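Here the structure comes first, spelled out in structure tokens, and everything after it is commentary.
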Amino acid sequence: MSTTAAGPTPDPVGRPGLVPPQTGRRRISPRRRARRARIVQYAVLVVVVVVLASVVDWSRIGDNFFNQDAIAQIAPQIPRAFLNTVIYTLCGFAVGLSLGTLLALMKLSSVRLYRWIATVYIEFFRGIPALLVVISFGYAVPIAFGISIGSVTLKAALALGMVSAAYIAETLRAGLQAVPTGQVEAARSLGMSHGRTLVQVVIPQAFRIVLPPMTNEFILLTKDTSLVFLLGLATVQYDLTKIGRDALNNATGGLTPLFLIGACYLLITLPLGQLARYLERRGVRSR
Amino acid sequence: MSVVQITDLHKSFGDREVLTGIDLEVRQGEVVCVIGPSGSGKSTLLRCVNLLEQPTAGRIEVLGVDVTDPDVDIDRVRTHVGMVFQQFNLFVHRTVLDNCTMAQRQVLKRSRAEAERIARENLARVGLADRADSLPAQLSGGQQQRVAIARALSMDPQLMLFDEPTSALDPELVGDVLAVMRDLADAGMTMIVVTHEMAFARDVGDRVVFMDGGVVVEDGTADQVIGAPREARTRTFLQRVLDPTRTSGV
């Protein structure tokens, strides 16, 4: 736009796009300017990398992040902890998904009281840190309700599930509302009852719509399992973060345990992210 | 024998009165085409028949059942009344065959084998026997609409409602759908068709009802209403539809 506006001789037809480029001496074409900017950006990057590489003491980095001894020490514990993390995640998600579905339906119910209960639940558990809920399940809840939840897995599933249910409910509600009304009308016009229409037509489609954001909830839940150490675990129940924290207390190795544990989490979450993208692409095609 | 008997039907959306006193009777085997300008209440009238819209006042009897009775088992009535929508509304997450068997199995409690046999018969009837395993998104609009017709027919309806079935279709796909509807009419199906296809209304319709402003303006044989309309409003509408170049100043 700026080049055309500067043109001294207006096009006879009056179409601005046809103004010949001005042959100014100091002006350079936008394309050349963009290339120059790119070269400068690369140069800055190279300088930063070179400076960093020369300043940093690589053997210290190696000692602190990739310490062989520390790796050897923590490695035997990892498979068990990895499995535990996956189990806590799956059980938590099972609770979260069932409770979340119920809450989403309640939120869309024609009964005002149900809507109200669901709203209070969602706002409450979305608003408080998951940490508090996990602590409650570790100490207060069993005492307050006079029940003993024996299994740590069950405690973790309930605590994490109740938190993620709040998020899942909101996601699902959006999905349920995104199902076109025409789908409901078609089912009803065939004589299907309200409930049957919900189960056969609306919910399956809503789940399809929310699969990508639901994968996100799953990833968040995976990371939240790092809070289960608050439940007081026996050694065989340790999750990834717990063994990482414990290993930090050893004198050697610096941050190596955390680095390794972080990689383990990525091993779970990165494929899930891929899955979400794949589902998203597939979802677009089937519409 | 009358299949549909509508008496003094009123319907409002909030303050907006869409239907202001409709009387209409549809007899067994009749094909009634409802025409009229957009916003005249044609679709609302049709949707009141199977209670997708709740009438504000008046009485509608469908197959001898008063559907405006608050205690009516509307799901039961709807199993006898097929409906075809402008936007097809096929279940996008199910195959063509599943679309046609779902309600048969869920509502009529037919066995899978029987439901599939009936579904395949009806798919063959609309010329899509070979697409049973496709997903709706893999079909053209015209094919989707024909599946929608097969889905409705699979319930063995005694009345079929068509809500502008060809309005969302590319022009070259309209013919296939109209041909299926013509076959259906020839087979003696009772049909109420809201449509802008004047040629279809004239050729296939036993009766044509012209609506405007929420009332039935003219109701008669197809030849009379389209060929020799008595009312000025009908004439104006038909002129606009049949010769769109002469819209203004009429």
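Going through the structure tokens in order, the chains are called A, B, and so on, while each chain numbers its residues from 1 and the ligands are numbered from 1 in the order shown.
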
Counting only C-alpha atoms, which residues from chain A have an atom at most 8 Å from any atom of chain B, and could you show them as an MDAnalysis selection string?
-> chainID A and resid 182:183 185:193 196 201 204:205 286:287

Go ahead and save the residues from that selection, with all heavy atoms, as a tab-separated table (two decimals), in the first residue's frame.
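again39.tsv, freshly written:
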chain	number	residue	atom	x	y	z
A	182	GLY	N	-30.48	-30.26	14.38
A	182	GLY	CA	-31.07	-31.10	13.34
A	182	GLY	C	-30.88	-32.57	13.64
A	182	GLY	O	-31.73	-33.40	13.30
A	183	GLN	N	-29.77	-32.93	14.27
A	183	GLN	CA	-29.52	-34.32	14.62
A	183	GLN	C	-30.55	-34.81	15.63
A	183	GLN	O	-31.05	-35.93	15.54
A	183	GLN	CB	-28.11	-34.46	15.20
A	183	GLN	CG	-27.02	-34.13	14.22
A	183	GLN	CD	-26.81	-35.24	13.21
A	183	GLN	OE1	-26.72	-36.40	13.57
A	183	GLN	NE2	-26.75	-34.89	11.94
A	185	GLU	N	-33.54	-33.45	16.11
A	185	GLU	CA	-34.86	-33.46	15.48
A	185	GLU	C	-35.05	-34.70	14.62
A	185	GLU	O	-36.13	-35.29	14.60
A	185	GLU	CB	-35.03	-32.19	14.63
A	185	GLU	CG	-35.22	-30.95	15.48
A	185	GLU	CD	-35.44	-29.71	14.65
A	185	GLU	OE1	-35.28	-29.78	13.42
A	185	GLU	OE2	-35.78	-28.67	15.25
A	186	ALA	N	-33.97	-35.08	13.90
A	186	ALA	CA	-34.08	-36.27	13.06
A	186	ALA	C	-34.38	-37.50	13.92
A	186	ALA	O	-35.26	-38.30	13.59
A	186	ALA	CB	-32.79	-36.48	12.27
A	187	ALA	N	-33.65	-37.63	15.02
A	187	ALA	CA	-33.86	-38.79	15.89
A	187	ALA	C	-35.26	-38.77	16.50
A	187	ALA	O	-35.96	-39.80	16.50
A	187	ALA	CB	-32.80	-38.82	16.99
A	188	ARG	N	-35.69	-37.61	16.97
A	188	ARG	CA	-37.02	-37.51	17.57
A	188	ARG	C	-38.11	-37.78	16.55
A	188	ARG	O	-39.12	-38.41	16.85
A	188	ARG	CB	-37.23	-36.13	18.22
A	188	ARG	CG	-36.30	-35.77	19.36
A	188	ARG	CD	-36.27	-36.79	20.48
A	188	ARG	NE	-37.55	-37.12	21.06
A	188	ARG	CZ	-38.13	-36.48	22.07
A	188	ARG	NH1	-37.51	-35.46	22.63
A	188	ARG	NH2	-39.29	-36.86	22.53
A	189	SER	N	-37.88	-37.31	15.30
A	189	SER	CA	-38.91	-37.51	14.28
A	189	SER	C	-39.06	-38.98	13.93
A	189	SER	O	-40.06	-39.40	13.36
A	189	SER	CB	-38.59	-36.69	13.03
A	189	SER	OG	-37.60	-37.34	12.26
A	190	LEU	N	-38.04	-39.79	14.25
A	190	LEU	CA	-38.13	-41.23	14.00
A	190	LEU	C	-38.77	-41.95	15.17
A	190	LEU	O	-38.85	-43.17	15.19
A	190	LEU	CB	-36.73	-41.79	13.75
A	190	LEU	CG	-36.10	-41.40	12.41
A	190	LEU	CD1	-34.60	-41.65	12.42
A	190	LEU	CD2	-36.75	-42.17	11.27
A	191	GLY	N	-39.20	-41.19	16.18
A	191	GLY	CA	-39.88	-41.80	17.31
A	191	GLY	C	-38.97	-42.15	18.46
A	191	GLY	O	-39.39	-42.79	19.42
A	192	MET	N	-37.68	-41.77	18.36
A	192	MET	CA	-36.77	-42.07	19.46
A	192	MET	C	-37.04	-41.11	20.62
A	192	MET	O	-37.24	-39.92	20.41
A	192	MET	CB	-35.31	-41.97	18.99
A	192	MET	CG	-34.93	-43.12	18.07
A	192	MET	SD	-33.38	-42.88	17.21
A	192	MET	CE	-32.24	-42.97	18.56
A	193	SER	N	-37.00	-41.65	21.83
A	193	SER	CA	-37.29	-40.83	23.00
A	193	SER	C	-36.14	-39.87	23.27
A	193	SER	O	-35.06	-39.98	22.68
A	193	SER	CB	-37.49	-41.72	24.22
A	193	SER	OG	-36.26	-42.34	24.54
A	196	ARG	N	-33.07	-41.86	24.60
A	196	ARG	CA	-32.44	-42.66	23.56
A	196	ARG	C	-31.68	-41.78	22.59
A	196	ARG	O	-30.58	-42.12	22.14
A	196	ARG	CB	-33.52	-43.40	22.79
A	196	ARG	CG	-33.40	-44.88	22.89
A	196	ARG	CD	-34.49	-45.52	22.07
A	196	ARG	NE	-35.44	-46.23	22.91
A	196	ARG	CZ	-35.13	-47.37	23.52
A	196	ARG	NH1	-33.94	-47.89	23.40
A	196	ARG	NH2	-36.02	-47.98	24.25
A	201	VAL	N	-27.35	-40.62	19.78
A	201	VAL	CA	-27.00	-39.62	18.78
A	201	VAL	C	-26.16	-38.48	19.36
A	201	VAL	O	-25.08	-38.17	18.85
A	201	VAL	CB	-28.28	-39.04	18.12
A	201	VAL	CG1	-27.93	-37.93	17.14
A	201	VAL	CG2	-29.04	-40.15	17.41
A	204	PRO	N	-22.57	-39.63	21.56
A	204	PRO	CA	-21.47	-40.09	20.71
A	204	PRO	C	-20.87	-38.96	19.86
A	204	PRO	O	-19.66	-38.90	19.69
A	204	PRO	CB	-22.13	-41.14	19.82
A	204	PRO	CG	-23.35	-41.56	20.53
A	204	PRO	CD	-23.79	-40.41	21.36
A	205	GLN	N	-21.73	-38.10	19.35
A	205	GLN	CA	-21.20	-37.01	18.52
A	205	GLN	C	-20.47	-35.98	19.36
A	205	GLN	O	-19.46	-35.42	18.92
A	205	GLN	CB	-22.34	-36.34	17.74
A	205	GLN	CG	-22.90	-37.25	16.68
A	205	GLN	CD	-23.83	-36.51	15.74
A	205	GLN	OE1	-23.64	-35.34	15.46
A	205	GLN	NE2	-24.84	-37.20	15.26
A	286	SER	N	-14.47	-36.27	8.77
A	286	SER	CA	-15.74	-36.99	8.86
A	286	SER	C	-16.93	-36.05	8.95
A	286	SER	O	-18.07	-36.47	8.98
A	286	SER	CB	-15.75	-37.92	10.08
A	286	SER	OG	-16.09	-37.20	11.23
A	287	ARG	N	-16.67	-34.74	8.96
A	287	ARG	CA	-17.80	-33.80	9.05
A	287	ARG	C	-18.28	-33.47	7.65
A	287	ARG	O	-17.53	-33.42	6.74
A	287	ARG	CB	-17.40	-32.51	9.76
A	287	ARG	CG	-16.92	-32.76	11.14
A	287	ARG	CD	-17.75	-32.02	12.16
A	287	ARG	NE	-18.32	-32.99	13.05
A	287	ARG	CZ	-19.53	-32.90	13.56
A	287	ARG	NH1	-20.31	-31.92	13.27
A	287	ARG	NH2	-19.99	-33.79	14.39

Residues at most 6 Å from Arg27 (chain B), counting only C-alpha atoms, excluding those fewer than 4 positions away in the same chain, as a PyMOL selection string?
-> chain B and resi 1-3

Could you save those same residues with N, CA, C and O atoms as a short mmCIF file (atom, residue, chain, number, x, y, z; two decimals), in the first residue's frame?
data_model
loop_
_atom_site.label_atom_id
_atom_site.label_comp_id
_atom_site.auth_asym_id
_atom_site.auth_seq_id
_atom_site.Cartn_x
_atom_site.Cartn_y
_atom_site.Cartn_z
N MET B 1 -60.78 -41.22 4.21
CA MET B 1 -60.31 -41.18 5.60
C MET B 1 -59.23 -40.12 5.72
O MET B 1 -58.33 -40.04 4.90
N SER B 2 -59.34 -39.30 6.74
CA SER B 2 -58.35 -38.24 6.83
C SER B 2 -57.18 -38.68 7.69
O SER B 2 -57.35 -39.29 8.74
N VAL B 3 -55.97 -38.41 7.19
CA VAL B 3 -54.74 -38.78 7.89
C VAL B 3 -54.34 -37.65 8.83
O VAL B 3 -53.90 -37.87 9.94
#

Among region 2-200 of chain B, which ones does DSSP place in alpha helix (DSSP H), written as a CSV table (one decimal) with N, CA and C atoms, in the first residue's frame?
chain,number,residue,atom,x,y,z
B,42,LYS,N,-44.8,-22.1,6.3
B,42,LYS,CA,-45.0,-23.4,5.7
B,42,LYS,C,-44.3,-24.5,6.6
B,43,SER,N,-43.0,-24.2,6.8
B,43,SER,CA,-42.2,-25.2,7.6
B,43,SER,C,-42.7,-25.3,9.0
B,44,THR,N,-43.1,-24.2,9.6
B,44,THR,CA,-43.7,-24.3,11.0
B,44,THR,C,-44.9,-25.2,11.0
B,45,LEU,N,-45.8,-25.0,10.0
B,45,LEU,CA,-47.0,-25.8,9.9
B,45,LEU,C,-46.6,-27.3,9.9
B,46,LEU,N,-45.6,-27.6,9.0
B,46,LEU,CA,-45.2,-29.0,8.8
B,46,LEU,C,-44.7,-29.5,10.1
B,47,ARG,N,-43.9,-28.7,10.8
B,47,ARG,CA,-43.2,-29.2,12.0
B,47,ARG,C,-44.2,-29.3,13.2
B,48,CYS,N,-45.3,-28.6,13.1
B,48,CYS,CA,-46.4,-28.8,14.1
B,48,CYS,C,-47.0,-30.2,14.0
B,49,VAL,N,-47.1,-30.7,12.8
B,49,VAL,CA,-47.8,-32.0,12.6
B,49,VAL,C,-47.1,-33.1,13.4
B,74,ILE,N,-46.3,-39.0,22.0
B,74,ILE,CA,-45.9,-38.5,20.7
B,74,ILE,C,-44.8,-39.3,20.0
B,75,ASP,N,-44.0,-40.0,20.8
B,75,ASP,CA,-43.0,-40.9,20.1
B,75,ASP,C,-43.7,-42.0,19.3
B,76,ARG,N,-44.8,-42.5,19.9
B,76,ARG,CA,-45.6,-43.5,19.2
B,76,ARG,C,-46.1,-43.0,17.9
B,77,VAL,N,-46.7,-41.8,17.9
B,77,VAL,CA,-47.2,-41.2,16.7
B,77,VAL,C,-46.1,-40.9,15.7
B,78,ARG,N,-45.0,-40.5,16.2
B,78,ARG,CA,-43.9,-40.2,15.2
B,78,ARG,C,-43.4,-41.4,14.5
B,96,VAL,N,-24.6,-45.3,6.5
B,96,VAL,CA,-25.9,-45.2,5.8
B,96,VAL,C,-26.8,-46.3,6.4
B,97,LEU,N,-26.3,-47.5,6.5
B,97,LEU,CA,-27.1,-48.7,6.9
B,97,LEU,C,-27.5,-48.4,8.4
B,98,ASP,N,-26.6,-48.0,9.2
B,98,ASP,CA,-26.9,-47.7,10.6
B,98,ASP,C,-28.0,-46.6,10.7
B,99,ASN,N,-27.9,-45.6,9.9
B,99,ASN,CA,-28.9,-44.6,9.9
B,99,ASN,C,-30.3,-45.1,9.7
B,100,CYS,N,-30.4,-46.1,8.8
B,100,CYS,CA,-31.7,-46.7,8.5
B,100,CYS,C,-32.1,-47.7,9.5
B,101,THR,N,-31.2,-48.3,10.2
B,101,THR,CA,-31.6,-49.4,11.1
B,101,THR,C,-31.8,-48.9,12.6
B,102,MET,N,-31.2,-47.8,12.9
B,102,MET,CA,-31.1,-47.4,14.4
B,102,MET,C,-32.5,-47.3,15.0
B,103,ALA,N,-33.4,-46.5,14.4
B,103,ALA,CA,-34.7,-46.3,15.0
B,103,ALA,C,-35.5,-47.6,14.9
B,104,GLN,N,-35.4,-48.4,13.8
B,104,GLN,CA,-36.1,-49.6,13.7
B,104,GLN,C,-35.8,-50.5,14.9
B,105,ARG,N,-34.5,-50.6,15.2
B,105,ARG,CA,-34.1,-51.5,16.3
B,105,ARG,C,-34.4,-50.9,17.7
B,106,GLN,N,-34.2,-49.6,17.8
B,106,GLN,CA,-34.4,-49.0,19.1
B,106,GLN,C,-35.9,-48.8,19.5
B,112,ARG,N,-31.8,-57.3,14.4
B,112,ARG,CA,-30.8,-56.7,13.5
B,112,ARG,C,-31.0,-57.2,12.1
B,113,ALA,N,-31.3,-58.5,11.9
B,113,ALA,CA,-31.4,-59.0,10.6
B,113,ALA,C,-32.6,-58.4,9.9
B,114,GLU,N,-33.7,-58.3,10.6
B,114,GLU,CA,-34.9,-57.8,9.9
B,114,GLU,C,-34.7,-56.3,9.6
B,115,ALA,N,-34.2,-55.6,10.6
B,115,ALA,CA,-34.0,-54.1,10.3
B,115,ALA,C,-33.1,-53.9,9.1
B,116,GLU,N,-32.0,-54.7,9.0
B,116,GLU,CA,-31.1,-54.5,7.9
B,116,GLU,C,-31.7,-54.9,6.6
B,117,ARG,N,-32.6,-56.0,6.6
B,117,ARG,CA,-33.3,-56.4,5.4
B,117,ARG,C,-34.2,-55.2,4.9
B,118,ILE,N,-34.9,-54.7,5.8
B,118,ILE,CA,-35.8,-53.6,5.5
B,118,ILE,C,-35.1,-52.3,5.0
B,119,ALA,N,-34.0,-52.0,5.7
B,119,ALA,CA,-33.1,-50.9,5.4
B,119,ALA,C,-32.6,-51.0,3.9
B,120,ARG,N,-32.1,-52.3,3.6
B,120,ARG,CA,-31.5,-52.5,2.3
B,120,ARG,C,-32.6,-52.4,1.2
B,121,GLU,N,-33.8,-52.9,1.5
B,121,GLU,CA,-34.9,-52.7,0.6
B,121,GLU,C,-35.1,-51.3,0.2
B,122,ASN,N,-35.2,-50.5,1.3
B,122,ASN,CA,-35.5,-49.1,1.1
B,122,ASN,C,-34.3,-48.3,0.4
B,123,LEU,N,-33.1,-48.7,0.7
B,123,LEU,CA,-31.9,-48.1,0.1
B,123,LEU,C,-32.0,-48.5,-1.4
B,124,ALA,N,-32.4,-49.7,-1.7
B,124,ALA,CA,-32.5,-50.1,-3.1
B,124,ALA,C,-33.6,-49.2,-3.8
B,125,ARG,N,-34.6,-49.0,-3.1
B,125,ARG,CA,-35.7,-48.2,-3.6
B,125,ARG,C,-35.3,-46.8,-4.0
B,141,GLY,N,-25.0,-34.3,-1.7
B,141,GLY,CA,-26.2,-33.9,-1.0
B,141,GLY,C,-27.4,-34.7,-1.5
B,142,GLY,N,-27.5,-34.9,-2.8
B,142,GLY,CA,-28.7,-35.6,-3.3
B,142,GLY,C,-28.7,-37.0,-2.8
B,143,GLN,N,-27.5,-37.7,-2.7
B,143,GLN,CA,-27.5,-39.0,-2.1
B,143,GLN,C,-27.9,-39.0,-0.7
B,144,GLN,N,-27.4,-38.0,0.1
B,144,GLN,CA,-27.7,-37.9,1.5
B,144,GLN,C,-29.2,-37.8,1.7
B,145,GLN,N,-29.8,-37.0,0.8
B,145,GLN,CA,-31.3,-36.7,1.0
B,145,GLN,C,-32.0,-38.0,0.7
B,146,ARG,N,-31.6,-38.8,-0.3
B,146,ARG,CA,-32.2,-40.0,-0.6
B,146,ARG,C,-32.1,-41.0,0.5
B,147,VAL,N,-30.9,-41.0,1.2
B,147,VAL,CA,-30.7,-41.9,2.3
B,147,VAL,C,-31.7,-41.5,3.4
B,148,ALA,N,-31.9,-40.1,3.6
B,148,ALA,CA,-32.8,-39.6,4.6
B,148,ALA,C,-34.2,-40.1,4.3
B,149,ILE,N,-34.6,-40.2,3.0
B,149,ILE,CA,-35.9,-40.7,2.7
B,149,ILE,C,-36.0,-42.2,3.0
B,150,ALA,N,-34.9,-42.9,2.7
B,150,ALA,CA,-34.9,-44.4,3.0
B,150,ALA,C,-35.0,-44.6,4.5
B,151,ARG,N,-34.3,-43.8,5.2
B,151,ARG,CA,-34.3,-43.9,6.7
B,151,ARG,C,-35.8,-43.7,7.2
B,152,ALA,N,-36.5,-42.7,6.7
B,152,ALA,CA,-37.8,-42.5,7.1
B,152,ALA,C,-38.7,-43.7,6.7
B,153,LEU,N,-38.5,-44.1,5.4
B,153,LEU,CA,-39.4,-45.2,4.9
B,153,LEU,C,-39.2,-46.5,5.7
B,171,PRO,N,-28.4,-27.7,-8.1
B,171,PRO,CA,-29.5,-27.9,-9.1
B,171,PRO,C,-29.5,-29.3,-9.8
B,172,GLU,N,-28.3,-29.8,-10.1
B,172,GLU,CA,-28.2,-31.0,-10.9
B,172,GLU,C,-28.5,-32.2,-10.1
B,173,LEU,N,-28.7,-32.1,-8.8
B,173,LEU,CA,-29.0,-33.2,-7.9
B,173,LEU,C,-30.4,-33.3,-7.5
B,174,VAL,N,-31.2,-32.2,-7.9
B,174,VAL,CA,-32.5,-32.1,-7.4
B,174,VAL,C,-33.4,-33.2,-8.1
B,175,GLY,N,-33.1,-33.5,-9.3
B,175,GLY,CA,-33.9,-34.4,-10.1
B,175,GLY,C,-34.0,-35.8,-9.5
B,176,ASP,N,-32.9,-36.3,-9.0
B,176,ASP,CA,-32.9,-37.7,-8.4
B,176,ASP,C,-33.8,-37.7,-7.2
B,177,VAL,N,-33.7,-36.7,-6.4
B,177,VAL,CA,-34.6,-36.7,-5.2
B,177,VAL,C,-36.1,-36.6,-5.5
B,178,LEU,N,-36.4,-35.7,-6.5
B,178,LEU,CA,-37.8,-35.5,-6.9
B,178,LEU,C,-38.3,-36.8,-7.5
B,179,ALA,N,-37.4,-37.5,-8.2
B,179,ALA,CA,-37.8,-38.8,-8.9
B,179,ALA,C,-38.2,-39.8,-7.8
B,180,VAL,N,-37.4,-39.9,-6.7
B,180,VAL,CA,-37.8,-40.8,-5.6
B,180,VAL,C,-39.1,-40.4,-5.0
B,181,MET,N,-39.3,-39.1,-4.8
B,181,MET,CA,-40.6,-38.7,-4.2
B,181,MET,C,-41.7,-38.9,-5.1
B,182,ARG,N,-41.5,-38.8,-6.4
B,182,ARG,CA,-42.6,-39.1,-7.4
B,182,ARG,C,-43.0,-40.6,-7.3
B,183,ASP,N,-42.0,-41.5,-7.2
B,183,ASP,CA,-42.2,-42.9,-7.1
B,183,ASP,C,-43.0,-43.2,-5.9
B,184,LEU,N,-42.7,-42.5,-4.8
B,184,LEU,CA,-43.3,-42.7,-3.5
B,184,LEU,C,-44.8,-42.3,-3.6
B,185,ALA,N,-45.0,-41.1,-4.3
B,185,ALA,CA,-46.4,-40.7,-4.5
B,185,ALA,C,-47.2,-41.6,-5.3
B,186,ASP,N,-46.5,-42.2,-6.4
B,186,ASP,CA,-47.2,-43.1,-7.3
B,186,ASP,C,-47.6,-44.4,-6.5
B,198,MET,N,-42.1,-25.8,-8.3
B,198,MET,CA,-43.5,-25.6,-8.8
B,198,MET,C,-43.9,-26.7,-9.8
B,199,ALA,N,-42.9,-27.1,-10.6
B,199,ALA,CA,-43.2,-28.2,-11.6
B,199,ALA,C,-43.6,-29.5,-10.9
B,200,PHE,N,-42.8,-29.8,-9.8
B,200,PHE,CA,-43.1,-31.0,-9.0
B,200,PHE,C,-44.5,-30.8,-8.4

Give me the residues within 9 Å of Thr153 (chain A) as a PyMOL selection string, counting only C-alpha atoms and dropping any in the same chain fewer than 6 places off.
-> chain A and resi 84+87-88+91-92+237

Write out as a PyMOL selection string each polymer residue whose atoms come within 7 Å of region 48-64 of chain A, counting only C-alpha atoms; drop sequence neighbours fewer than 5 positions from it.
-> chain A and resi 253-256

At what distance in Å, to one decimal, does CA of Ala174 (chain A) lie from CA of Tyr265 (chain A)?
-> 28.8 Å

Report the distance between CA of Asp206 (chain B) and CA of Pro165 (chain B) in Å, rounded to one decimal place.
->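 So the answer is 18.1 Å.
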
Quick one: distance from CA of Ser12 (chain B) to CA of Thr68 (chain B) in Å, one decimal?
-> 15.0 Å

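Of the residues under consideration (B:Met189, B:Ala57, B:Val215, B:Ala232), B:Val215 shows the shortest atom-to-atom contact distance to Gly39 (chain B) when counting only C-alpha atoms.
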
Within 10 Å of Phe125 (chain A) using only C-alpha atoms, minus same-chain residues under 6 positions, as a list in words = Leu132, Val133, Met162, Val163, Ser164, Ala165, Ala166 and Tyr167 of chain A

Would you please work out which residue, of A:Ile78, A:Leu279, A:Ile147, A:Val202, is nearest to Ile261 (chain A) when using only C-alpha atoms?
->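 Once distances to Ile261 (chain A) are computed over only C-alpha atoms, the minimum belongs to A:Ile78.
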
List the neighbours of Gln224 (chain B) out to 9 Å using only C-alpha atoms; skip same-chain residues closer than 6 positions along the sequence, and give me the result as a ChimeraX atom specification.
-> /B:207-208,230

Find, counting only C-alpha atoms, the residue in B:Val209, B:Val72, B:Ala222, B:Ala168 that gets nearest to Leu24 (chain B).
->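 Looking at the shortest contact to Leu24 (chain B), the residue is B:Val209.
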